[in-house]
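Raw my_file-v4.cif, mmCIF, C-alpha atoms:
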data_structure
#
loop_
_atom_site.label_atom_id
_atom_site.label_comp_id
_atom_site.auth_asym_id
_atom_site.auth_seq_id
_atom_site.Cartn_x
_atom_site.Cartn_y
_atom_site.Cartn_z
CA MET F 1 -34.71 102.84 108.76
CA PRO F 2 -32.61 103.98 111.72
CA PHE F 3 -34.15 103.72 115.18
CA THR F 4 -36.17 106.67 116.47
CA ARG F 5 -35.26 107.93 119.93
CA ASP F 6 -38.14 105.97 121.45
CA GLN F 7 -37.06 102.83 119.59
CA MET F 8 -33.49 103.30 120.83
CA ALA F 9 -34.81 103.41 124.39
CA ALA F 10 -36.99 100.35 123.80
CA ARG F 11 -34.06 98.40 122.33
CA LEU F 12 -31.97 99.18 125.39
CA ALA F 13 -34.81 98.37 127.79
CA ALA F 14 -35.12 94.92 126.22
CA ASP F 15 -31.60 94.12 127.48
CA VAL F 16 -32.24 95.16 131.11
CA PRO F 17 -32.75 92.06 133.30
CA GLU F 18 -35.52 91.91 135.86
CA GLY F 19 -34.41 92.92 139.34
CA TRP F 20 -31.75 95.46 138.36
CA CYS F 21 -31.53 98.88 140.00
CA VAL F 22 -31.07 101.41 137.18
CA ASN F 23 -30.22 105.12 137.08
CA LEU F 24 -31.35 107.05 134.00
CA GLY F 25 -29.63 110.23 132.80
CA ILE F 26 -31.47 113.12 131.18
CA GLY F 27 -32.62 113.09 127.55
CA ILE F 28 -33.11 109.80 125.67
CA PRO F 29 -32.26 107.66 128.75
CA THR F 30 -35.44 108.81 130.54
CA LEU F 31 -37.50 107.09 127.83
CA VAL F 32 -36.19 103.67 128.95
CA ALA F 33 -38.59 103.65 131.91
CA ASN F 34 -41.52 103.57 129.47
CA HIS F 35 -40.49 100.19 128.06
CA VAL F 36 -40.05 97.76 130.97
CA GLN F 37 -43.68 96.93 131.67
CA GLY F 38 -44.09 93.42 132.98
CA ARG F 39 -40.64 93.32 134.56
CA GLU F 40 -39.57 94.55 138.00
CA VAL F 41 -36.81 97.07 137.30
CA ILE F 42 -36.11 99.64 140.01
CA PHE F 43 -35.32 103.10 138.63
CA GLN F 44 -33.32 105.39 140.91
CA SER F 45 -32.78 109.13 140.56
CA GLU F 46 -29.99 111.15 142.17
CA ASN F 47 -32.47 113.50 143.84
CA GLY F 48 -33.61 110.65 146.09
CA VAL F 49 -36.35 108.77 144.23
CA ILE F 50 -36.18 104.98 144.37
CA GLY F 51 -38.84 103.42 142.20
CA MET F 52 -39.63 105.80 139.34
CA GLY F 53 -42.35 104.77 136.93
CA PRO F 54 -42.97 105.77 133.31
CA ALA F 55 -43.65 109.34 132.24
CA PRO F 56 -47.06 110.65 133.40
CA GLN F 57 -50.03 110.72 131.06
CA LYS F 58 -51.15 114.15 129.90
CA GLY F 59 -53.40 115.67 132.53
CA GLN F 60 -52.10 113.37 135.28
CA GLU F 61 -48.84 115.21 136.02
CA ASP F 62 -47.88 115.89 139.65
CA PRO F 63 -45.59 118.97 139.82
CA TRP F 64 -44.06 117.66 143.05
CA LEU F 65 -42.77 114.48 141.40
CA ILE F 66 -39.62 115.16 139.37
CA ASN F 67 -36.35 113.41 138.58
CA ALA F 68 -32.85 114.85 138.88
CA GLY F 69 -33.29 116.54 135.49
CA LYS F 70 -36.47 118.28 136.76
CA GLN F 71 -38.65 116.22 134.44
CA LEU F 72 -42.08 115.08 135.63
CA ILE F 73 -42.25 111.43 136.67
CA THR F 74 -44.60 108.86 138.18
CA LEU F 75 -43.90 106.44 141.01
CA ALA F 76 -43.93 102.68 140.77
CA ARG F 77 -45.72 100.66 143.43
CA GLY F 78 -43.56 100.55 146.56
CA ALA F 79 -41.46 103.59 145.62
CA SER F 80 -39.67 105.54 148.33
CA PHE F 81 -37.82 108.80 148.90
CA VAL F 82 -34.39 109.23 150.49
CA GLY F 83 -32.06 112.17 151.09
CA HIS F 84 -29.24 113.13 148.72
CA ALA F 85 -26.65 111.59 151.05
CA ASP F 86 -28.35 108.18 150.92
CA SER F 87 -28.96 108.49 147.18
CA PHE F 88 -25.30 109.13 146.46
CA ALA F 89 -24.28 106.45 148.95
CA MET F 90 -26.14 104.03 146.69
CA ILE F 91 -24.25 105.35 143.67
CA ARG F 92 -20.79 105.60 145.21
CA GLY F 93 -21.22 102.36 147.11
CA GLY F 94 -21.69 100.31 143.95
CA HIS F 95 -25.38 99.50 144.50
CA ILE F 96 -26.56 100.68 141.06
CA ASP F 97 -26.58 97.76 138.63
CA LEU F 98 -26.77 99.96 135.55
CA CYS F 99 -26.49 103.62 134.66
CA VAL F 100 -27.80 104.82 131.30
CA LEU F 101 -26.42 108.16 130.08
CA GLY F 102 -26.38 110.24 126.93
CA ALA F 103 -23.06 111.36 125.48
CA PHE F 104 -21.31 113.82 123.21
CA GLU F 105 -18.53 111.29 122.53
CA VAL F 106 -17.53 107.75 123.48
CA ALA F 107 -13.98 106.56 122.82
CA GLU F 108 -13.00 103.04 121.78
CA ASN F 109 -11.32 102.54 125.18
CA GLY F 110 -14.60 103.35 126.98
CA ASP F 111 -13.88 106.97 127.91
CA LEU F 112 -17.03 109.09 128.20
CA ALA F 113 -17.56 112.78 127.44
CA ASN F 114 -21.09 113.94 128.17
CA TRP F 115 -21.14 117.19 130.13
CA ALA F 116 -19.37 119.90 128.11
CA THR F 117 -18.25 120.49 124.53
CA SER F 118 -15.42 122.94 125.35
CA GLU F 119 -13.60 124.55 128.25
CA ASN F 120 -15.93 127.53 127.83
CA ASP F 121 -19.16 125.51 127.87
CA THR F 122 -22.00 126.99 129.89
CA ALA F 123 -22.42 123.79 131.95
CA PRO F 124 -21.43 124.72 135.53
CA ALA F 125 -19.85 121.36 136.39
CA VAL F 126 -19.80 117.67 135.56
CA GLY F 127 -22.42 116.94 138.24
CA GLY F 128 -23.62 113.48 139.28
CA ALA F 129 -22.64 111.86 135.97
CA MET F 130 -19.05 111.58 137.23
CA ASP F 131 -20.21 109.72 140.35
CA LEU F 132 -22.36 107.41 138.24
CA ALA F 133 -19.57 106.71 135.76
CA ALA F 134 -17.28 105.71 138.61
CA GLY F 135 -19.75 104.03 140.94
CA ALA F 136 -22.33 102.13 138.88
CA LYS F 137 -21.60 98.47 138.21
CA ARG F 138 -21.99 99.06 134.46
CA LEU F 139 -22.62 102.05 132.21
CA TRP F 140 -24.49 102.01 128.90
CA VAL F 141 -24.79 105.03 126.62
CA VAL F 142 -27.75 105.81 124.36
CA MET F 143 -27.22 108.55 121.78
CA GLU F 144 -27.47 109.49 118.12
CA HIS F 145 -24.64 107.95 116.11
CA THR F 146 -23.51 111.33 114.75
CA THR F 147 -23.99 115.01 115.52
CA LYS F 148 -26.51 117.08 113.57
CA ASP F 149 -23.74 118.10 111.16
CA GLY F 150 -22.64 114.50 110.62
CA ARG F 151 -19.58 114.26 112.88
CA PRO F 152 -19.12 110.83 114.50
CA LYS F 153 -19.72 110.41 118.22
CA LEU F 154 -17.89 107.08 118.36
CA VAL F 155 -14.24 108.09 118.24
CA GLU F 156 -10.72 106.81 118.84
CA ARG F 157 -10.14 109.40 121.60
CA CYS F 158 -12.54 111.92 123.09
CA GLY F 159 -11.90 115.54 122.19
CA TYR F 160 -14.33 116.94 124.76
CA PRO F 161 -13.80 117.19 128.56
CA LEU F 162 -14.13 113.72 130.09
CA THR F 163 -16.83 112.56 132.47
CA GLY F 164 -15.25 109.18 133.20
CA LEU F 165 -12.34 106.98 132.15
CA ARG F 166 -12.81 103.54 130.56
CA CYS F 167 -16.33 103.28 131.99
CA VAL F 168 -18.67 102.67 129.02
CA ARG F 169 -19.56 99.02 128.41
CA ARG F 170 -22.16 99.32 125.64
CA VAL F 171 -23.53 101.98 123.26
CA TYR F 172 -27.01 102.12 121.73
CA THR F 173 -27.40 104.47 118.77
CA ASN F 174 -30.00 105.07 116.08
CA LEU F 175 -27.92 102.80 113.81
CA ALA F 176 -26.58 99.99 115.97
CA VAL F 177 -25.87 98.38 119.32
CA ILE F 178 -22.13 98.25 120.00
CA ASP F 179 -20.14 96.73 122.86
CA VAL F 180 -17.01 98.45 124.16
CA LEU F 181 -14.47 95.75 124.99
CA PRO F 182 -11.08 96.39 126.64
CA GLU F 183 -9.18 94.15 124.23
CA LYS F 184 -10.95 95.08 120.99
CA GLY F 185 -12.68 98.46 121.30
CA PHE F 186 -16.03 98.82 119.48
CA VAL F 187 -17.65 95.48 118.60
CA LEU F 188 -20.96 95.29 116.74
CA VAL F 189 -23.83 93.54 118.56
CA ASP F 190 -26.87 94.46 116.47
CA LEU F 191 -27.98 96.70 113.60
CA ALA F 192 -31.12 98.80 113.30
CA PRO F 193 -33.51 97.45 110.64
CA GLY F 194 -32.31 98.34 107.16
CA VAL F 195 -28.94 99.66 108.36
CA THR F 196 -25.76 98.02 107.03
CA LEU F 197 -22.40 97.47 108.69
CA ASP F 198 -20.77 99.59 105.99
CA GLU F 199 -23.04 102.52 106.89
CA VAL F 200 -22.18 102.19 110.59
CA ARG F 201 -18.47 102.10 109.82
CA ALA F 202 -18.73 105.09 107.47
CA LYS F 203 -20.39 107.16 110.21
CA SER F 204 -17.98 106.16 112.99
CA GLY F 205 -14.69 107.77 113.93
CA ALA F 206 -13.08 104.52 115.04
CA VAL F 207 -12.92 100.92 113.84
CA ILE F 208 -16.11 98.87 114.36
CA HIS F 209 -15.18 95.22 114.78
CA THR F 210 -17.39 92.17 114.35
CA ASN F 211 -17.23 88.91 116.29
#

Let me see the structure of the file written as structure tokens.
Amino acid sequence: MPFTRDQMAARLAADVPEGWCVNLGIGIPTLVANHVQGREVIFQSENGVIGMGPAPQKGQEDPWLINAGKQLITLARGASFVGHADSFAMIRGGHIDLCVLGAFEVAENGDLANWATSENDTAPAVGGAMDLAAGAKRLWVVMEHTTKDGRPKLVERCGYPLTGLRCVRRVYTNLAVIDVLPEKGFVLVDLAPGVTLDEVRAKSGAVIHTN
């Protein structure tokens, strides 16, 4: 069966080395923080939180503790707060080891589209995702492999407004884990249990290579 959203987050979390400083985008990426127990991974949020913990247990929410997506969070031991200027200095200065974002489309050259689906989209602006795409040391995407109506999200060229150019290094979907390599494009790393390579290729809008 394909990965659930929580399983997608867990699969990605398994690849995060201890000691990395990681920024998590909204949606599925926020679930990653729930799956790194036993390892010291520092989660940073654009609104100035350094050291986010997993999602709060029901009944233990603190309305004053939120991430950049206004979702309730907990704090890891030793967490700290900084101003927006310092937070974005970390991002733009290349101090974030990994950024994990969702996406509408990822192109085989690593282009990312994740903030709007048309020129008339209601999203006011690209926001901090553009800074993260340009400033983080590496960017991984976690998303469903296709849209709800079956259109592929892995494509030859993005049709939606771009967030960043040639910035995505790896994609985690409900079907597979796929590297994005400059010389080859999409290269299969791993398959979800019970999913075949033929199924992944049939549901992709670009060639999926194997090593």

For this session: Might you spell out which residues the PyMOL selection byres ((chain F and resi 205) around 7) would select in the displayed file, as a count of residues only?
Result: 7

- Message: For a quick check of understanding, using all atoms listed in the file, which of F:Ala116, F:Ala14, F:Cys21, F:Ala176 has the smallest distance to Asp97 (chain F)?
- Response: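 Using all atoms listed in the file, Asp97 (chain F) sits closest to F:Cys21.
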
Open item on the list: Restricting the calculation to only C-alpha atoms: of F:Val180, F:Gln44, F:Thr146, F:Tyr172, which residue gets closest to Ala192 (chain F)?
Closed with: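 Once distances to Ala192 (chain F) are computed over only C-alpha atoms, the minimum belongs to F:Tyr172.
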
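When all atoms listed in the file are used to compute distances to Gln71 (chain F), the closest of the residues F:Ile26, F:Leu165, F:Ile42, F:Cys99 turns out to be F:Ile26.
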
ask   = What is the distance, in Å and to one decimal place, between CA of Val171 (chain F) and CA of Val142 (chain F)?
value =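 Between CA of Val171 (chain F) and CA of Val142 (chain F) the gap is 5.8 Å.
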
Check your understanding: Rounded to one decimal in Å, what is the spacing between CA of Ala79 (chain F) and CA of Phe43 (chain F)?
Key ->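 Separation of CA of Ala79 (chain F) and CA of Phe43 (chain F): 9.3 Å.
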
Quick one: residues within 7 Å of region 57-65 of chain F, all atoms listed in the file counted, chain neighbours fewer than 3 positions away excluded, as a PyMOL selection string? chain F and resi 72-74

| Sel. within 8 Å of pt (-26.8, 102.1, 133.3), counting only C-alpha atoms, output as a ChimeraX atom specification | /F:22-24,96-101,136,138-141

**OP:** Can you turn the PyMOL selection byres ((chain F and resi 157) around 8) into a concrete residue list for this file, as a list of chain:residue names?
**Re:**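 Applying the PyMOL selection byres ((chain F and resi 157) around 8) to the structure shown produces F:Val106, F:Ala107, F:Glu108, F:Asn109, F:Asp111, F:Val155, F:Glu156, F:Cys158, F:Gly159.
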
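Of note, CA of Trp20 (chain F) and CA of Phe186 (chain F) are spaced 24.8 Å apart.
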
Nearest candidate to Val189 (chain F) (options F:Val41, F:Asp15, F:Lys137, F:Ala129; using only C-alpha atoms):
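Closest candidate: F:Asp15.
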
Axis-aligned box over every listed atom of region 94-107 of chain F, padded by 5 Å per side: centre and edges in Å to one decimal, as JSON?
{"center_x": -20.9, "center_y": 105.8, "center_z": 133.5, "size_x": 23.8, "size_y": 26.1, "size_z": 32.0}

Apply the PyMOL selection byres ((chain F and resi 92) around 9) to the displayed file and report the matching residues as a PyMOL selection string. chain F and resi 87-91+93-96+131-132+134-136

Q) For Arg5 (chain F), which of F:Ala133, F:Asp86, F:Gly48, F:Leu175 is the closest residue, counting all atoms listed in the file? A)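 Going through F:Ala133, F:Asp86, F:Gly48, F:Leu175 one by one, the smallest distance to Arg5 (chain F) is for F:Leu175.
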